[in-house]
>>> print(open('my_file18.cif').read())   # mmCIF, N, CA and C atoms
data_protein
loop_
_atom_site.label_atom_id
_atom_site.label_comp_id
_atom_site.auth_asym_id
_atom_site.auth_seq_id
_atom_site.Cartn_x
_atom_site.Cartn_y
_atom_site.Cartn_z
N MET A 1 0.85 -1.17 0.00
CA MET A 1 0.00 0.00 0.00
C MET A 1 0.90 1.23 0.00
N SER A 2 0.53 2.23 -0.80
CA SER A 2 1.34 3.44 -0.86
C SER A 2 0.54 4.64 -0.35
N CYS A 3 1.24 5.62 0.16
CA CYS A 3 0.66 6.82 0.74
C CYS A 3 0.09 7.72 -0.35
N ASP A 4 -1.12 8.26 -0.12
CA ASP A 4 -1.72 9.18 -1.08
C ASP A 4 -0.99 10.51 -1.10
N ARG A 5 -0.38 10.89 0.01
CA ARG A 5 0.28 12.19 0.11
C ARG A 5 1.66 12.20 -0.55
N CYS A 6 2.51 11.22 -0.21
CA CYS A 6 3.89 11.25 -0.70
C CYS A 6 4.28 10.00 -1.49
N HIS A 7 3.36 9.04 -1.61
CA HIS A 7 3.59 7.77 -2.31
C HIS A 7 4.64 6.91 -1.62
N GLY A 8 4.83 7.13 -0.32
CA GLY A 8 5.74 6.33 0.47
C GLY A 8 5.09 5.02 0.91
N PHE A 9 5.85 4.21 1.62
CA PHE A 9 5.39 2.90 2.08
C PHE A 9 4.51 3.06 3.31
N MET A 10 3.35 2.41 3.30
CA MET A 10 2.43 2.42 4.45
C MET A 10 2.55 1.10 5.19
N CYS A 11 2.66 1.18 6.52
CA CYS A 11 2.73 -0.04 7.32
C CYS A 11 1.58 -0.04 8.33
N PRO A 12 1.07 -1.22 8.67
CA PRO A 12 -0.04 -1.28 9.63
C PRO A 12 0.44 -0.98 11.05
N VAL A 13 -0.39 -0.26 11.80
CA VAL A 13 -0.09 0.05 13.20
C VAL A 13 -1.36 -0.15 14.02
N ASP A 14 -1.21 -0.48 15.28
CA ASP A 14 -2.32 -0.56 16.21
C ASP A 14 -2.25 0.66 17.12
N LEU A 15 -3.31 1.47 17.10
CA LEU A 15 -3.35 2.69 17.90
C LEU A 15 -4.32 2.51 19.05
N LEU A 16 -4.04 3.16 20.17
CA LEU A 16 -4.90 3.09 21.34
C LEU A 16 -5.89 4.25 21.33
N ASP A 17 -7.12 3.97 21.75
CA ASP A 17 -8.16 4.99 21.83
C ASP A 17 -8.19 5.56 23.24
N TRP A 18 -7.56 6.73 23.43
CA TRP A 18 -7.52 7.37 24.74
C TRP A 18 -8.73 8.27 24.97
N VAL A 19 -9.50 8.57 23.93
CA VAL A 19 -10.66 9.46 24.06
C VAL A 19 -11.75 8.79 24.88
N SER A 20 -11.90 7.49 24.74
CA SER A 20 -12.96 6.78 25.46
C SER A 20 -12.71 6.77 26.97
N GLY A 21 -11.50 7.07 27.40
CA GLY A 21 -11.20 7.13 28.82
C GLY A 21 -10.63 5.84 29.38
N ARG A 22 -10.77 4.77 28.64
CA ARG A 22 -10.26 3.49 29.15
C ARG A 22 -8.82 3.25 28.72
N GLY A 23 -8.48 3.63 27.51
CA GLY A 23 -7.13 3.44 27.03
C GLY A 23 -6.80 2.02 26.63
N HIS A 24 -7.79 1.13 26.69
CA HIS A 24 -7.53 -0.26 26.35
C HIS A 24 -8.07 -0.64 24.98
N ASP A 25 -8.84 0.24 24.37
CA ASP A 25 -9.40 -0.03 23.06
C ASP A 25 -8.37 0.35 22.00
N SER A 26 -8.07 -0.60 21.13
CA SER A 26 -7.13 -0.30 20.06
C SER A 26 -7.82 -0.50 18.71
N PHE A 27 -7.29 0.14 17.70
CA PHE A 27 -7.84 0.00 16.36
C PHE A 27 -6.69 -0.02 15.37
N ARG A 28 -6.94 -0.63 14.24
CA ARG A 28 -5.94 -0.79 13.19
C ARG A 28 -5.94 0.44 12.29
N ALA A 29 -4.75 0.89 11.94
CA ALA A 29 -4.60 2.02 11.02
C ALA A 29 -3.36 1.76 10.16
N TRP A 30 -3.13 2.63 9.19
CA TRP A 30 -1.95 2.56 8.34
C TRP A 30 -1.17 3.85 8.51
N ARG A 31 0.16 3.73 8.66
CA ARG A 31 1.03 4.89 8.85
C ARG A 31 2.11 4.88 7.80
N CYS A 32 2.34 6.05 7.18
CA CYS A 32 3.39 6.18 6.18
C CYS A 32 4.73 6.34 6.90
N VAL A 33 5.71 5.55 6.50
CA VAL A 33 7.02 5.63 7.14
C VAL A 33 7.79 6.85 6.68
N ALA A 34 7.40 7.47 5.57
CA ALA A 34 8.12 8.64 5.05
C ALA A 34 7.58 9.95 5.62
N CYS A 35 6.26 10.17 5.54
CA CYS A 35 5.72 11.47 5.95
C CYS A 35 4.90 11.42 7.24
N GLY A 36 4.55 10.23 7.72
CA GLY A 36 3.81 10.10 8.97
C GLY A 36 2.30 10.14 8.84
N GLU A 37 1.77 10.22 7.62
CA GLU A 37 0.32 10.23 7.40
C GLU A 37 -0.29 8.98 8.02
N ILE A 38 -1.39 9.16 8.76
CA ILE A 38 -2.09 8.05 9.38
C ILE A 38 -3.48 7.96 8.77
N ILE A 39 -3.85 6.76 8.32
CA ILE A 39 -5.14 6.51 7.71
C ILE A 39 -5.82 5.39 8.48
N ASP A 40 -7.07 5.64 8.89
CA ASP A 40 -7.86 4.57 9.51
C ASP A 40 -9.23 4.54 8.84
N LEU A 41 -10.10 3.69 9.29
CA LEU A 41 -11.40 3.50 8.67
C LEU A 41 -12.25 4.78 8.71
N VAL A 42 -12.21 5.51 9.81
CA VAL A 42 -12.99 6.74 9.93
C VAL A 42 -12.50 7.80 8.93
N ILE A 43 -11.20 7.94 8.79
CA ILE A 43 -10.64 8.91 7.84
C ILE A 43 -11.03 8.55 6.42
N VAL A 44 -10.96 7.28 6.07
CA VAL A 44 -11.33 6.83 4.72
C VAL A 44 -12.80 7.12 4.45
N ARG A 45 -13.68 6.81 5.40
CA ARG A 45 -15.11 7.06 5.23
C ARG A 45 -15.39 8.55 5.05
N ASN A 46 -14.76 9.40 5.85
CA ASN A 46 -14.98 10.84 5.74
C ASN A 46 -14.48 11.38 4.41
N ARG A 47 -13.36 10.89 3.92
CA ARG A 47 -12.85 11.36 2.63
C ARG A 47 -13.76 10.93 1.49
N ILE A 48 -14.31 9.72 1.55
CA ILE A 48 -15.24 9.26 0.52
C ILE A 48 -16.51 10.10 0.56
N ARG A 49 -17.03 10.36 1.77
CA ARG A 49 -18.25 11.16 1.91
C ARG A 49 -18.03 12.57 1.37
N ALA A 50 -16.90 13.17 1.67
CA ALA A 50 -16.61 14.52 1.17
C ALA A 50 -16.49 14.53 -0.35
N ARG A 51 -15.88 13.50 -0.92
CA ARG A 51 -15.73 13.41 -2.37
C ARG A 51 -17.10 13.31 -3.05
N VAL A 52 -18.00 12.50 -2.48
CA VAL A 52 -19.34 12.35 -3.04
C VAL A 52 -20.10 13.67 -2.94
N GLN A 53 -19.98 14.37 -1.82
CA GLN A 53 -20.66 15.65 -1.66
C GLN A 53 -20.16 16.69 -2.66
N ARG A 54 -18.85 16.71 -2.95
CA ARG A 54 -18.31 17.63 -3.95
C ARG A 54 -18.88 17.33 -5.33
N ILE A 55 -18.99 16.06 -5.67
CA ILE A 55 -19.54 15.67 -6.98
C ILE A 55 -20.99 16.11 -7.09
N VAL A 56 -21.76 15.91 -6.03
CA VAL A 56 -23.17 16.30 -6.06
C VAL A 56 -23.30 17.82 -6.19
N ARG A 57 -22.48 18.58 -5.46
CA ARG A 57 -22.53 20.04 -5.54
C ARG A 57 -22.18 20.53 -6.94
N ARG A 58 -21.23 19.90 -7.59
CA ARG A 58 -20.83 20.32 -8.94
C ARG A 58 -21.92 20.05 -9.96
N GLN A 59 -22.75 19.04 -9.73
CA GLN A 59 -23.79 18.69 -10.68
C GLN A 59 -25.04 19.55 -10.52
N LYS A 60 -25.21 20.21 -9.38
CA LYS A 60 -26.37 21.04 -9.16
C LYS A 60 -26.24 22.36 -9.92
N LYS A 61 -27.38 22.86 -10.36
CA LYS A 61 -27.40 24.17 -11.00
C LYS A 61 -27.43 25.24 -9.91
N PRO A 62 -26.85 26.41 -10.17
CA PRO A 62 -26.89 27.46 -9.15
C PRO A 62 -28.33 27.94 -8.92
N HIS A 63 -28.63 28.35 -7.69
CA HIS A 63 -29.97 28.82 -7.35
C HIS A 63 -30.24 30.19 -7.96
N GLN A 64 -29.23 30.99 -8.07
CA GLN A 64 -29.37 32.31 -8.65
C GLN A 64 -28.83 32.30 -10.07
N SER A 65 -29.45 33.12 -10.89
CA SER A 65 -28.95 33.20 -12.26
C SER A 65 -27.60 33.94 -12.27
N VAL A 66 -26.74 33.51 -13.14
CA VAL A 66 -25.42 34.10 -13.25
C VAL A 66 -25.42 35.02 -14.46
N HIS A 67 -25.13 36.30 -14.22
CA HIS A 67 -25.07 37.27 -15.31
C HIS A 67 -23.61 37.56 -15.61
N ARG A 68 -23.25 37.37 -16.83
CA ARG A 68 -21.87 37.64 -17.23
C ARG A 68 -21.80 38.97 -17.95
N VAL A 69 -20.76 39.70 -17.66
CA VAL A 69 -20.53 40.98 -18.32
C VAL A 69 -19.87 40.68 -19.66
N PRO A 70 -20.40 41.26 -20.75
CA PRO A 70 -19.77 41.00 -22.05
C PRO A 70 -18.35 41.52 -22.10
N ALA A 71 -17.48 40.77 -22.77
CA ALA A 71 -16.08 41.17 -22.90
C ALA A 71 -15.97 42.41 -23.77
N THR A 72 -15.10 43.31 -23.39
CA THR A 72 -14.93 44.55 -24.18
C THR A 72 -13.70 44.49 -25.03
#
>>> encode(input="my_file18.cif", output="structure tokens")
Amino acid sequence: MSCDRCHGFMCPVDLLDWVSGRGHDSFRAWRCVACGEIIDLVIVRNRIRARVQRIVRRQKKPHQSVHRVPAT
């Protein structure tokens, strides 16, 4: 697997969830050995959701009419 940011090598890591307060919950993620980018399931889902929302926004017509000034 290669990093989307720098195309470096990604290795699997187990991270601890300290937000829950227990510190015993771990989850699998991928970390780039070159730039340090960390990717987990939540990050991937959010990036896919944002990409879909951008596509939908681009396909919508503007609510207001756009008036262009003629070139002089």
>>> select_by_dssp(input="my_file18.cif", residues="chain A", states="strand (DSSP E or B)", output="PDB file with N, CA and C atoms, in the coordinates of the input")
ATOM      1  N   SER A   2       0.530   2.230  -0.800  1.00  0.00           N
ATOM      2  CA  SER A   2       1.340   3.440  -0.860  1.00  0.00           C
ATOM      3  C   SER A   2       0.540   4.640  -0.350  1.00  0.00           C
ATOM      4  N   PHE A   9       5.850   4.210   1.620  1.00  0.00           N
ATOM      5  CA  PHE A   9       5.390   2.900   2.080  1.00  0.00           C
ATOM      6  C   PHE A   9       4.510   3.060   3.310  1.00  0.00           C
ATOM      7  N   MET A  10       3.350   2.410   3.300  1.00  0.00           N
ATOM      8  CA  MET A  10       2.430   2.420   4.450  1.00  0.00           C
ATOM      9  C   MET A  10       2.550   1.100   5.190  1.00  0.00           C
ATOM     10  N   CYS A  11       2.660   1.180   6.520  1.00  0.00           N
ATOM     11  CA  CYS A  11       2.730  -0.040   7.320  1.00  0.00           C
ATOM     12  C   CYS A  11       1.580  -0.040   8.330  1.00  0.00           C
ATOM     13  N   PRO A  12       1.070  -1.220   8.670  1.00  0.00           N
ATOM     14  CA  PRO A  12      -0.040  -1.280   9.630  1.00  0.00           C
ATOM     15  C   PRO A  12       0.440  -0.980  11.050  1.00  0.00           C
ATOM     16  N   VAL A  13      -0.390  -0.260  11.800  1.00  0.00           N
ATOM     17  CA  VAL A  13      -0.090   0.050  13.200  1.00  0.00           C
ATOM     18  C   VAL A  13      -1.360  -0.150  14.020  1.00  0.00           C
ATOM     19  N   ASP A  14      -1.210  -0.480  15.280  1.00  0.00           N
ATOM     20  CA  ASP A  14      -2.320  -0.560  16.210  1.00  0.00           C
ATOM     21  C   ASP A  14      -2.250   0.660  17.120  1.00  0.00           C
ATOM     22  N   LEU A  15      -3.310   1.470  17.100  1.00  0.00           N
ATOM     23  CA  LEU A  15      -3.350   2.690  17.900  1.00  0.00           C
ATOM     24  C   LEU A  15      -4.320   2.510  19.050  1.00  0.00           C
ATOM     25  N   LEU A  16      -4.040   3.160  20.170  1.00  0.00           N
ATOM     26  CA  LEU A  16      -4.900   3.090  21.340  1.00  0.00           C
ATOM     27  C   LEU A  16      -5.890   4.250  21.330  1.00  0.00           C
ATOM     28  N   ASP A  17      -7.120   3.970  21.750  1.00  0.00           N
ATOM     29  CA  ASP A  17      -8.160   4.990  21.830  1.00  0.00           C
ATOM     30  C   ASP A  17      -8.190   5.560  23.240  1.00  0.00           C
ATOM     31  N   ASP A  25      -8.840   0.240  24.370  1.00  0.00           N
ATOM     32  CA  ASP A  25      -9.400  -0.030  23.060  1.00  0.00           C
ATOM     33  C   ASP A  25      -8.370   0.350  22.000  1.00  0.00           C
ATOM     34  N   SER A  26      -8.070  -0.600  21.130  1.00  0.00           N
ATOM     35  CA  SER A  26      -7.130  -0.300  20.060  1.00  0.00           C
ATOM     36  C   SER A  26      -7.820  -0.500  18.710  1.00  0.00           C
ATOM     37  N   PHE A  27      -7.290   0.140  17.700  1.00  0.00           N
ATOM     38  CA  PHE A  27      -7.840   0.000  16.360  1.00  0.00           C
ATOM     39  C   PHE A  27      -6.690  -0.020  15.370  1.00  0.00           C
ATOM     40  N   ARG A  28      -6.940  -0.630  14.240  1.00  0.00           N
ATOM     41  CA  ARG A  28      -5.940  -0.790  13.190  1.00  0.00           C
ATOM     42  C   ARG A  28      -5.940   0.440  12.290  1.00  0.00           C
ATOM     43  N   ALA A  29      -4.750   0.890  11.940  1.00  0.00           N
ATOM     44  CA  ALA A  29      -4.600   2.020  11.020  1.00  0.00           C
ATOM     45  C   ALA A  29      -3.360   1.760  10.160  1.00  0.00           C
ATOM     46  N   TRP A  30      -3.130   2.630   9.190  1.00  0.00           N
ATOM     47  CA  TRP A  30      -1.950   2.560   8.340  1.00  0.00           C
ATOM     48  C   TRP A  30      -1.170   3.850   8.510  1.00  0.00           C
ATOM     49  N   ARG A  31       0.160   3.730   8.660  1.00  0.00           N
ATOM     50  CA  ARG A  31       1.030   4.890   8.850  1.00  0.00           C
ATOM     51  C   ARG A  31       2.110   4.880   7.800  1.00  0.00           C
ATOM     52  N   CYS A  32       2.340   6.050   7.180  1.00  0.00           N
ATOM     53  CA  CYS A  32       3.390   6.180   6.180  1.00  0.00           C
ATOM     54  C   CYS A  32       4.730   6.340   6.900  1.00  0.00           C
ATOM     55  N   ILE A  38      -1.390   9.160   8.760  1.00  0.00           N
ATOM     56  CA  ILE A  38      -2.090   8.050   9.380  1.00  0.00           C
ATOM     57  C   ILE A  38      -3.480   7.960   8.770  1.00  0.00           C
ATOM     58  N   ILE A  39      -3.850   6.760   8.320  1.00  0.00           N
ATOM     59  CA  ILE A  39      -5.140   6.510   7.710  1.00  0.00           C
ATOM     60  C   ILE A  39      -5.820   5.390   8.480  1.00  0.00           C
TER      61      ILE A  39
END
>>> atom_distance(input="my_file18.cif", atom1="atom CA of A:Val33", atom2="atom CA of A:Ser2")
10.1 Å
>>> resolve_selection(input="my_file18.cif", expression="the PyMOL selection byres (((chain A and resi 9 and name CA) around 12) and name CA)", output="number ranges by chain")
A: 1-8, 10-12, 30-38
>>> axis_aligned_box(input="my_file18.cif", around="stretch 37-56 of chain A", padding_each_side="3 Å", output="JSON")
{"center_x": -10.8, "center_y": 10.7, "center_z": 1.4, "size_x": 31.1, "size_y": 20.3, "size_z": 23.0}
>>> residues_near_point(input="my_file18.cif", point="(-5.7, 0.3, 19.4)", cutoff="6.5 Å", atoms="only N, CA and C atoms", output="list in words")
Asp14, Leu15, Leu16, Asp17, His24, Asp25, Ser26, Phe27 and Arg28 of chain A
>>> atom_distance(input="my_file18.cif", atom1="atom C of A:Ala29", atom2="atom N of A:Leu41")
7.1 Å
>>> atom_distance(input="my_file18.cif", atom1="atom C of A:Val19", atom2="atom N of A:Ile39")
18.5 Å
>>> select_by_dssp(input="my_file18.cif", residues="chain A", states="helix (DSSP H, G or I)", output="list in words")
Leu41, Val42, Ile43, Val44, Arg45, Asn46, Arg47, Ile48, Arg49, Ala50, Arg51, Val52, Gln53, Arg54, Ile55, Val56, Arg57, Arg58 and Gln59 of chain A
>>> decode(input="my_file18.cif", residues="stretch 50-63 of chain A", atoms="all heavy atoms", output="CSV table (one decimal), in the first residue's frame")
chain,number,residue,atom,x,y,z
A,50,ALA,N,-16.9,13.2,1.7
A,50,ALA,CA,-16.6,14.5,1.2
A,50,ALA,C,-16.5,14.5,-0.3
A,50,ALA,O,-17.0,15.5,-1.0
A,50,ALA,CB,-15.3,15.1,1.8
A,51,ARG,N,-15.9,13.5,-0.9
A,51,ARG,CA,-15.7,13.4,-2.4
A,51,ARG,C,-17.1,13.3,-3.1
A,51,ARG,O,-17.4,14.0,-4.0
A,51,ARG,CB,-14.9,12.2,-2.7
A,51,ARG,CG,-14.5,12.1,-4.2
A,51,ARG,CD,-13.6,10.9,-4.5
A,51,ARG,NE,-12.4,10.9,-3.6
A,51,ARG,CZ,-11.9,9.9,-3.0
A,51,ARG,NH1,-12.6,8.7,-3.1
A,51,ARG,NH2,-10.9,10.0,-2.2
A,52,VAL,N,-18.0,12.5,-2.5
A,52,VAL,CA,-19.3,12.4,-3.0
A,52,VAL,C,-20.1,13.7,-2.9
A,52,VAL,O,-20.8,14.1,-3.9
A,52,VAL,CB,-20.1,11.2,-2.3
A,52,VAL,CG1,-21.6,11.2,-2.7
A,52,VAL,CG2,-19.5,9.9,-2.6
A,53,GLN,N,-20.0,14.4,-1.8
A,53,GLN,CA,-20.7,15.7,-1.7
A,53,GLN,C,-20.2,16.7,-2.7
A,53,GLN,O,-20.9,17.5,-3.2
A,53,GLN,CB,-20.5,16.2,-0.2
A,53,GLN,CG,-21.3,15.4,0.8
A,53,GLN,CD,-21.0,15.8,2.2
A,53,GLN,OE1,-20.0,16.6,2.5
A,53,GLN,NE2,-21.8,15.3,3.1
A,54,ARG,N,-18.9,16.7,-2.9
A,54,ARG,CA,-18.3,17.6,-3.9
A,54,ARG,C,-18.9,17.3,-5.3
A,54,ARG,O,-19.2,18.2,-6.1
A,54,ARG,CB,-16.8,17.5,-4.0
A,54,ARG,CG,-16.1,18.4,-3.0
A,54,ARG,CD,-14.6,18.5,-3.3
A,54,ARG,NE,-13.9,17.3,-3.4
A,54,ARG,CZ,-13.3,16.6,-2.5
A,54,ARG,NH1,-13.4,17.0,-1.2
A,54,ARG,NH2,-12.7,15.4,-2.7
A,55,ILE,N,-19.0,16.1,-5.7
A,55,ILE,CA,-19.5,15.7,-7.0
A,55,ILE,C,-21.0,16.1,-7.1
A,55,ILE,O,-21.4,16.7,-8.1
A,55,ILE,CB,-19.4,14.1,-7.2
A,55,ILE,CG1,-17.9,13.8,-7.3
A,55,ILE,CG2,-20.2,13.7,-8.4
A,55,ILE,CD1,-17.6,12.3,-7.3
A,56,VAL,N,-21.8,15.9,-6.0
A,56,VAL,CA,-23.2,16.3,-6.1
A,56,VAL,C,-23.3,17.8,-6.2
A,56,VAL,O,-24.1,18.3,-7.0
A,56,VAL,CB,-23.9,15.8,-4.8
A,56,VAL,CG1,-25.3,16.4,-4.6
A,56,VAL,CG2,-24.0,14.3,-4.8
A,57,ARG,N,-22.5,18.6,-5.5
A,57,ARG,CA,-22.5,20.0,-5.5
A,57,ARG,C,-22.2,20.5,-6.9
A,57,ARG,O,-22.8,21.5,-7.4
A,57,ARG,CB,-21.6,20.7,-4.5
A,57,ARG,CG,-22.2,21.0,-3.2
A,57,ARG,CD,-21.3,21.8,-2.3
A,57,ARG,NE,-20.6,20.8,-1.5
A,57,ARG,CZ,-19.3,20.8,-1.3
A,57,ARG,NH1,-18.5,21.6,-1.8
A,57,ARG,NH2,-18.8,19.8,-0.5
A,58,ARG,N,-21.2,19.9,-7.6
A,58,ARG,CA,-20.8,20.3,-8.9
A,58,ARG,C,-21.9,20.1,-10.0
A,58,ARG,O,-22.0,20.8,-11.0
A,58,ARG,CB,-19.6,19.6,-9.4
A,58,ARG,CG,-18.3,20.1,-8.6
A,58,ARG,CD,-17.1,19.4,-9.1
A,58,ARG,NE,-16.0,19.8,-8.3
A,58,ARG,CZ,-14.9,19.0,-8.1
A,58,ARG,NH1,-14.8,17.8,-8.6
A,58,ARG,NH2,-13.9,19.5,-7.3
A,59,GLN,N,-22.7,19.0,-9.7
A,59,GLN,CA,-23.8,18.7,-10.7
A,59,GLN,C,-25.0,19.6,-10.5
A,59,GLN,O,-25.8,19.6,-11.4
A,59,GLN,CB,-24.2,17.2,-10.5
A,59,GLN,CG,-23.1,16.3,-11.0
A,59,GLN,CD,-23.4,14.8,-10.7
A,59,GLN,OE1,-24.3,14.5,-10.0
A,59,GLN,NE2,-22.6,13.9,-11.2
A,60,LYS,N,-25.2,20.2,-9.4
A,60,LYS,CA,-26.4,21.0,-9.2
A,60,LYS,C,-26.2,22.4,-9.9
A,60,LYS,O,-25.2,22.9,-10.1
A,60,LYS,CB,-26.5,21.4,-7.7
A,60,LYS,CG,-27.1,20.2,-6.9
A,60,LYS,CD,-27.3,20.7,-5.4
A,60,LYS,CE,-27.9,19.6,-4.6
A,60,LYS,NZ,-28.1,20.0,-3.2
A,61,LYS,N,-27.4,22.9,-10.4
A,61,LYS,CA,-27.4,24.2,-11.0
A,61,LYS,C,-27.4,25.2,-9.9
A,61,LYS,O,-28.0,25.0,-8.8
A,61,LYS,CB,-28.6,24.3,-11.9
A,61,LYS,CG,-28.6,23.4,-13.1
A,61,LYS,CD,-29.8,23.6,-14.0
A,61,LYS,CE,-29.7,22.7,-15.2
A,61,LYS,NZ,-30.9,22.9,-16.0
A,62,PRO,N,-26.8,26.4,-10.2
A,62,PRO,CA,-26.9,27.5,-9.2
A,62,PRO,C,-28.3,27.9,-8.9
A,62,PRO,O,-29.1,27.9,-9.8
A,62,PRO,CB,-26.0,28.6,-9.7
A,62,PRO,CG,-25.8,28.2,-11.2
A,62,PRO,CD,-26.1,26.8,-11.3
A,63,HIS,N,-28.6,28.3,-7.7
A,63,HIS,CA,-30.0,28.8,-7.4
A,63,HIS,C,-30.2,30.2,-8.0
A,63,HIS,O,-31.4,30.5,-8.3
A,63,HIS,CB,-30.2,28.9,-5.8
A,63,HIS,CG,-30.1,27.5,-5.2
A,63,HIS,ND1,-31.1,26.6,-5.4
A,63,HIS,CD2,-29.2,26.9,-4.4
A,63,HIS,CE1,-30.8,25.5,-4.7
A,63,HIS,NE2,-29.6,25.7,-4.1
